[in-house]
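**Q** JSON, C-alpha atoms, saved as model-v1.json, coming up:
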```json
[["chain", "number", "residue", "atom", "x", "y", "z"],
["A", 1, "MET", "CA", 53.72, 89.10, 111.02],
["A", 2, "LYS", "CA", 57.33, 87.92, 110.61],
["A", 3, "LYS", "CA", 57.20, 88.77, 106.91],
["A", 4, "PHE", "CA", 55.89, 92.25, 107.73],
["A", 5, "ILE", "CA", 58.70, 92.88, 110.24],
["A", 6, "LEU", "CA", 61.28, 91.62, 107.74],
["A", 7, "LEU", "CA", 59.81, 93.87, 105.04],
["A", 8, "VAL", "CA", 59.94, 96.90, 107.37],
["A", 9, "PHE", "CA", 63.54, 96.06, 108.31],
["A", 10, "CYS", "CA", 64.57, 95.71, 104.63],
["A", 11, "PHE", "CA", 62.87, 99.00, 103.74],
["A", 12, "ALA", "CA", 64.62, 100.76, 106.64],
["A", 13, "ALA", "CA", 67.99, 99.30, 105.59],
["A", 14, "VAL", "CA", 67.51, 100.42, 101.98],
["A", 15, "SER", "CA", 66.43, 103.89, 103.14],
["A", 16, "LEU", "CA", 69.44, 104.16, 105.46],
["A", 17, "PHE", "CA", 71.84, 103.04, 102.70],
["A", 18, "SER", "CA", 70.26, 105.52, 100.29],
["A", 19, "GLN", "CA", 70.60, 108.32, 102.85],
["A", 20, "ASP", "CA", 74.21, 107.37, 103.60],
["A", 21, "ARG", "CA", 74.96, 107.27, 99.86],
["A", 22, "LYS", "CA", 73.32, 110.65, 99.31],
["A", 23, "SER", "CA", 75.11, 112.23, 102.25],
["A", 24, "LEU", "CA", 78.42, 110.78, 100.99],
["A", 25, "LEU", "CA", 77.87, 112.18, 97.50],
["A", 26, "GLN", "CA", 76.98, 115.56, 99.01],
["A", 27, "ALA", "CA", 80.10, 115.51, 101.22],
["A", 28, "ALA", "CA", 82.32, 114.55, 98.26],
["A", 29, "LEU", "CA", 80.96, 117.38, 96.12],
["A", 30, "LYS", "CA", 81.23, 119.86, 98.99],
["A", 31, "ASN", "CA", 84.84, 118.73, 99.49],
["A", 32, "SER", "CA", 85.52, 119.36, 95.77],
["A", 33, "ASN", "CA", 83.30, 122.37, 95.14],
["A", 34, "SER", "CA", 84.23, 125.99, 95.69],
["A", 35, "GLY", "CA", 81.13, 126.39, 97.83],
["A", 36, "ASP", "CA", 78.64, 127.25, 95.10],
["A", 37, "SER", "CA", 75.12, 126.46, 96.20],
["A", 38, "THR", "CA", 74.14, 124.94, 92.83],
["A", 39, "PHE", "CA", 76.37, 123.25, 90.30],
["A", 40, "LEU", "CA", 76.27, 121.25, 87.08],
["A", 41, "LEU", "CA", 76.69, 117.47, 87.30],
["A", 42, "ARG", "CA", 77.21, 115.35, 84.20],
["A", 43, "ASP", "CA", 74.49, 112.71, 84.01],
["A", 44, "SER", "CA", 76.74, 109.69, 83.37],
["A", 45, "VAL", "CA", 77.93, 107.90, 86.50],
["A", 46, "LEU", "CA", 81.62, 107.07, 86.10],
["A", 47, "ALA", "CA", 82.44, 103.37, 86.16],
["A", 48, "HIS", "CA", 85.89, 103.78, 87.74],
["A", 49, "LEU", "CA", 87.57, 105.52, 90.65],
["A", 50, "TYR", "CA", 90.72, 106.10, 88.65],
["A", 51, "TYR", "CA", 91.42, 105.19, 85.04],
["A", 52, "ASP", "CA", 90.33, 101.62, 84.44],
["A", 53, "ALA", "CA", 89.69, 98.37, 86.33],
["A", 54, "GLU", "CA", 93.38, 97.60, 86.81],
["A", 55, "SER", "CA", 94.12, 101.11, 88.13],
["A", 56, "ASP", "CA", 91.10, 100.89, 90.44],
["A", 57, "SER", "CA", 92.41, 97.62, 91.83],
["A", 58, "LEU", "CA", 95.84, 99.15, 92.49],
["A", 59, "LEU", "CA", 94.27, 102.21, 94.11],
["A", 60, "LEU", "CA", 92.21, 100.02, 96.45],
["A", 61, "ALA", "CA", 95.17, 97.73, 97.20],
["A", 62, "GLY", "CA", 97.07, 100.81, 98.37],
["A", 63, "LEU", "CA", 94.36, 101.40, 100.98],
["A", 64, "SER", "CA", 94.64, 97.95, 102.53],
["A", 65, "ASP", "CA", 97.39, 99.07, 104.91],
["A", 66, "GLN", "CA", 95.65, 102.31, 105.88],
["A", 67, "ALA", "CA", 92.63, 103.54, 107.80],
["A", 68, "GLY", "CA", 91.52, 100.18, 109.14],
["A", 69, "LEU", "CA", 90.56, 98.66, 105.80],
["A", 70, "SER", "CA", 91.05, 94.92, 105.76],
["A", 71, "LYS", "CA", 91.74, 92.71, 102.77],
["A", 72, "SER", "CA", 88.10, 91.60, 102.88],
["A", 73, "ASP", "CA", 87.02, 95.29, 102.77],
["A", 74, "ILE", "CA", 89.20, 95.84, 99.70],
["A", 75, "ASP", "CA", 87.83, 92.68, 98.05],
["A", 76, "TYR", "CA", 84.29, 93.85, 98.84],
["A", 77, "MET", "CA", 85.00, 97.27, 97.27],
["A", 78, "ARG", "CA", 86.60, 95.63, 94.23],
["A", 79, "ALA", "CA", 83.51, 93.45, 93.76],
["A", 80, "GLN", "CA", 81.28, 96.55, 93.77],
["A", 81, "LEU", "CA", 83.35, 98.04, 90.95],
["A", 82, "GLN", "CA", 83.31, 94.76, 89.00],
["A", 83, "HIS", "CA", 79.50, 94.60, 89.22],
["A", 84, "TYR", "CA", 78.99, 98.21, 88.15],
["A", 85, "SER", "CA", 75.98, 98.67, 85.91],
["A", 86, "ALA", "CA", 75.92, 101.77, 83.70],
["A", 87, "HIS", "CA", 73.39, 104.34, 84.86],
["A", 88, "CYS", "CA", 72.87, 108.08, 85.14],
["A", 89, "TRP", "CA", 72.51, 110.56, 87.96],
["A", 90, "SER", "CA", 69.04, 111.99, 88.33],
["A", 91, "ALA", "CA", 67.88, 115.36, 89.63],
["A", 92, "ASP", "CA", 67.31, 113.86, 93.10],
["A", 93, "SER", "CA", 70.66, 111.99, 93.28],
["A", 94, "VAL", "CA", 72.59, 114.92, 94.76],
["A", 95, "LYS", "CA", 71.22, 118.02, 96.46],
["A", 96, "ASN", "CA", 71.67, 121.26, 94.46],
["A", 97, "ALA", "CA", 72.86, 119.44, 91.33],
["A", 98, "VAL", "CA", 71.63, 120.52, 87.93],
["A", 99, "ILE", "CA", 72.03, 117.53, 85.61],
["A", 100, "VAL", "CA", 73.82, 118.10, 82.29],
["A", 101, "SER", "CA", 73.41, 115.53, 79.53],
["A", 102, "SER", "CA", 76.58, 113.74, 78.42],
["A", 103, "ALA", "CA", 75.43, 114.40, 74.88],
["A", 104, "VAL", "CA", 76.33, 118.10, 75.29],
["A", 105, "THR", "CA", 79.59, 117.68, 77.21],
["A", 106, "PRO", "CA", 82.78, 117.68, 75.12],
["A", 107, "ALA", "CA", 84.37, 114.26, 74.54],
["A", 108, "ALA", "CA", 87.94, 114.04, 75.83],
["A", 109, "ALA", "CA", 89.17, 112.00, 72.84],
["A", 110, "LEU", "CA", 88.73, 114.82, 70.32],
["A", 111, "SER", "CA", 91.62, 116.45, 68.49],
["A", 112, "PRO", "CA", 92.78, 119.73, 70.09],
["A", 113, "LYS", "CA", 91.01, 121.82, 67.42],
["A", 114, "LYS", "CA", 87.72, 119.88, 67.71],
["A", 115, "LEU", "CA", 87.98, 119.90, 71.50],
["A", 116, "ALA", "CA", 88.32, 123.71, 71.56],
["A", 117, "LYS", "CA", 85.27, 124.01, 69.29],
["A", 118, "ALA", "CA", 83.27, 121.56, 71.45],
["A", 119, "TRP", "CA", 84.08, 123.55, 74.61],
["A", 120, "ASN", "CA", 83.11, 126.82, 72.88],
["A", 121, "ASN", "CA", 79.77, 125.24, 71.95],
["A", 122, "TYR", "CA", 79.31, 123.95, 75.48],
["A", 123, "PHE", "CA", 80.11, 127.35, 77.05],
["A", 124, "SER", "CA", 77.67, 129.11, 74.71],
["A", 125, "THR", "CA", 74.90, 127.34, 76.62],
["A", 126, "HIS", "CA", 76.46, 126.62, 80.02],
["A", 127, "LYS", "CA", 78.49, 129.38, 81.63],
["A", 128, "THR", "CA", 80.54, 127.07, 83.84],
["A", 129, "GLY", "CA", 82.19, 123.68, 83.74],
["A", 130, "TYR", "CA", 80.61, 120.54, 85.15],
["A", 131, "PHE", "CA", 81.31, 117.96, 87.82],
["A", 132, "GLU", "CA", 81.45, 114.22, 87.20],
["A", 133, "MET", "CA", 81.32, 111.50, 89.83],
["A", 134, "SER", "CA", 81.78, 107.79, 90.26],
["A", 135, "GLU", "CA", 79.42, 105.55, 92.11],
["A", 136, "PRO", "CA", 80.88, 105.28, 95.62],
["A", 137, "VAL", "CA", 82.21, 101.93, 96.85],
["A", 138, "PHE", "CA", 81.76, 101.02, 100.50],
["A", 139, "SER", "CA", 83.64, 98.87, 103.01],
["A", 140, "LYS", "CA", 81.83, 95.78, 104.31],
["A", 141, "ASP", "CA", 80.52, 97.59, 107.38],
["A", 142, "GLY", "CA", 79.64, 100.74, 105.39],
["A", 143, "THR", "CA", 81.80, 103.06, 107.51],
["A", 144, "TYR", "CA", 84.42, 103.71, 104.81],
["A", 145, "ALA", "CA", 83.85, 104.68, 101.19],
["A", 146, "VAL", "CA", 85.83, 105.84, 98.17],
["A", 147, "VAL", "CA", 84.36, 108.15, 95.55],
["A", 148, "TYR", "CA", 85.86, 109.98, 92.57],
["A", 149, "VAL", "CA", 84.84, 113.59, 91.85],
["A", 150, "GLY", "CA", 86.21, 115.60, 88.94],
["A", 151, "PHE", "CA", 85.56, 119.07, 87.54],
["A", 152, "GLN", "CA", 85.82, 119.60, 83.79],
["A", 153, "CYS", "CA", 86.08, 123.15, 82.44],
["A", 154, "GLY", "CA", 87.99, 122.98, 79.16],
["A", 155, "GLY", "CA", 90.73, 121.20, 77.25],
["A", 156, "ASN", "CA", 93.40, 122.50, 79.64],
["A", 157, "CYS", "CA", 91.20, 123.14, 82.65],
["A", 158, "GLY", "CA", 89.96, 120.76, 85.31],
["A", 159, "ASN", "CA", 90.81, 118.83, 88.43],
["A", 160, "GLY", "CA", 89.68, 115.83, 90.37],
["A", 161, "GLY", "CA", 90.57, 112.76, 92.31],
["A", 162, "ALA", "CA", 89.40, 109.87, 94.44],
["A", 163, "THR", "CA", 89.02, 110.33, 98.18],
["A", 164, "LEU", "CA", 88.58, 107.88, 101.04],
["A", 165, "TYR", "CA", 85.83, 108.95, 103.46],
["A", 166, "HIS", "CA", 84.96, 107.69, 106.95],
["A", 167, "TRP", "CA", 81.52, 107.86, 108.57],
["A", 168, "GLU", "CA", 81.90, 109.29, 112.06],
["A", 169, "LYS", "CA", 79.66, 111.28, 114.36],
["A", 170, "GLY", "CA", 76.84, 111.26, 111.82],
["A", 171, "MET", "CA", 78.78, 112.59, 108.85],
["A", 172, "TRP", "CA", 81.24, 111.61, 106.11],
["A", 173, "LYS", "CA", 84.72, 113.01, 106.68],
["A", 174, "PRO", "CA", 87.57, 112.90, 104.15],
["A", 175, "VAL", "CA", 90.41, 110.70, 105.41],
["A", 176, "LYS", "CA", 92.82, 110.47, 102.49],
["A", 177, "ASN", "CA", 93.12, 111.73, 98.94],
["A", 178, "CYS", "CA", 93.91, 108.58, 97.00],
["A", 179, "PHE", "CA", 95.08, 110.56, 93.98],
["A", 180, "ALA", "CA", 94.45, 113.99, 92.53],
["A", 181, "PHE", "CA", 95.01, 115.66, 89.19],
["A", 182, "GLU", "CA", 94.89, 119.17, 87.80],
["A", 183, "LYS", "CA", 95.07, 119.89, 84.08],
["A", 184, "GLN", "CA", 97.90, 122.20, 83.16],
["A", 185, "PRO", "CA", 98.15, 124.36, 80.02],
["A", 186, "HIS", "CA", 100.64, 123.00, 77.49]]
```
Would you mind writing the structure in this file as structure tokens?

**A**
Amino acid sequence: MKKFILLVFCFAAVSLFSQDRKSLLQAALKNSNSGDSTFLLRDSVLAHLYYDAESDSLLLAGLSDQAGLSKSDIDYMRAQLQHYSAHCWSADSVKNAVIVSSAVTPAAALSPKKLAKAWNNYFSTHKTGYFEMSEPVFSKDGTYAVVYVGFQCGGNCGNGGATLYHWEKGMWKPVKNCFAFEKQPH
């Protein structure tokens, strides 16, 4: 009987975490999206909140003095990023998302001429840009989380950033934009 109760408790905890994660992802996309009911989401889950592991660490360190995040919360979030395992978003990961394969999205490291051609090819099939997201990282108690959301729409078009969210009154609310970018034409 004890094993059964423990199993039920574990299942409930996993379901609750999954729901919280899904509602966070939905809130982050709603916060970044122009309100479209459906949108394209690149399948690859981003491994970082910012640029690389060192930048992620600096971003999180900057949050240690804000919004009630302790050093142990920051360490816990850092550990989640360090143990990231590459995976992809699926059709049921985020409500209203249409998954776009990374194989058809233009690679950022292309020369300007090849990048323009890649975007033309992309837009011949897809009439709009696509969103990309990181896996969220949570504080120890699960009431704070940081997630990166970006929108890619061409070589000189796009925006994004990482945002700190807080779970209150049954929903995720943005607390602080950790950084933001917008591509500007040259």

**Q** Quick one: pull the distance between CA of Gly161 in chain A and CA of Val147 in chain A, Å, one decimal.

**A** 8.4 Å

**Q** Name the residues in contact with Thr128 in chain A at a cut-off of 8 Å, using only C-alpha atoms, excluding same-chain residues fewer than 5 positions from it; report them as a PyMOL selection string.

**A** chain A and resi 40+123+153

**Q** Quick check, in Å to one decimal: how far apart do CA of Met77 in chain A and CA of Asp52 in chain A lie?

**A** 14.6 Å

**Q** Just to confirm, what's the straight-line distance from CA of Phe131 in chain A to CA of Cys178 in chain A in Å (one decimal)?

**A**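 Atom-to-atom, CA of Phe131 in chain A to CA of Cys178 in chain A, that is 18.2 Å.
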
**Q** Quick one: of A:Gln152, A:Thr38, A:Thr163, A:Ser102, who's nearest to Ser134 in chain A, counting all atoms listed in the file?

**A** A:Thr163

**Q** Would you mind telling me which residue in A:Val175, A:Val98, A:Leu110, A:Ala118 lies nearest to Arg42 in chain A when using only C-alpha atoms?

**A**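 Between A:Val175, A:Val98, A:Leu110, A:Ala118, the residue approaching Arg42 in chain A most closely is A:Val98.
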
**Q** Under the rule of at most 10 Å, produce a per-residue listing of range 107-166 of chain A near range 19-32 of chain A: chain, number, name, the closest pair of atoms, and the distance in Å, as a Markdown table, using only C-alpha atoms.

**A**
```
| residue | atom | partner | partner_atom | distance |
| --- | --- | --- | --- | --- |
| A:Phe131 | CA | A:Leu29 | CA | 8.3 |
| A:Glu132 | CA | A:Leu29 | CA | 9.5 |
| A:Met133 | CA | A:Leu25 | CA | 8.4 |
| A:Ser134 | CA | A:Leu25 | CA | 9.3 |
| A:Glu135 | CA | A:Leu25 | CA | 8.7 |
| A:Pro136 | CA | A:Arg21 | CA | 7.5 |
| A:Val137 | CA | A:Arg21 | CA | 9.5 |
| A:Phe138 | CA | A:Arg21 | CA | 9.3 |
| A:Gly142 | CA | A:Asp20 | CA | 8.8 |
| A:Thr143 | CA | A:Asp20 | CA | 9.6 |
| A:Ala145 | CA | A:Leu24 | CA | 8.2 |
| A:Val146 | CA | A:Leu24 | CA | 9.3 |
| A:Val147 | CA | A:Ala28 | CA | 7.2 |
| A:Tyr148 | CA | A:Ala28 | CA | 8.1 |
| A:Val149 | CA | A:Leu29 | CA | 6.9 |
| A:Gly150 | CA | A:Ser32 | CA | 7.8 |
| A:Phe151 | CA | A:Ser32 | CA | 8.2 |
| A:Asn159 | CA | A:Ser32 | CA | 9.1 |
| A:Gly160 | CA | A:Ser32 | CA | 7.7 |
| A:Gly161 | CA | A:Ser32 | CA | 9.0 |
| A:Ala162 | CA | A:Ala28 | CA | 9.3 |
| A:Thr163 | CA | A:Ala28 | CA | 7.9 |
| A:Leu164 | CA | A:Ala28 | CA | 9.6 |
| A:Tyr165 | CA | A:Leu24 | CA | 8.0 |
| A:His166 | CA | A:Leu24 | CA | 9.4 |
```

**Q** Calculated over only C-alpha atoms, which of the candidates A:Gly62, A:Ser72, A:Leu115, A:Asp43 has the smallest distance to His87 in chain A?

**A**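 Once distances to His87 in chain A are computed over only C-alpha atoms, the minimum belongs to A:Asp43.
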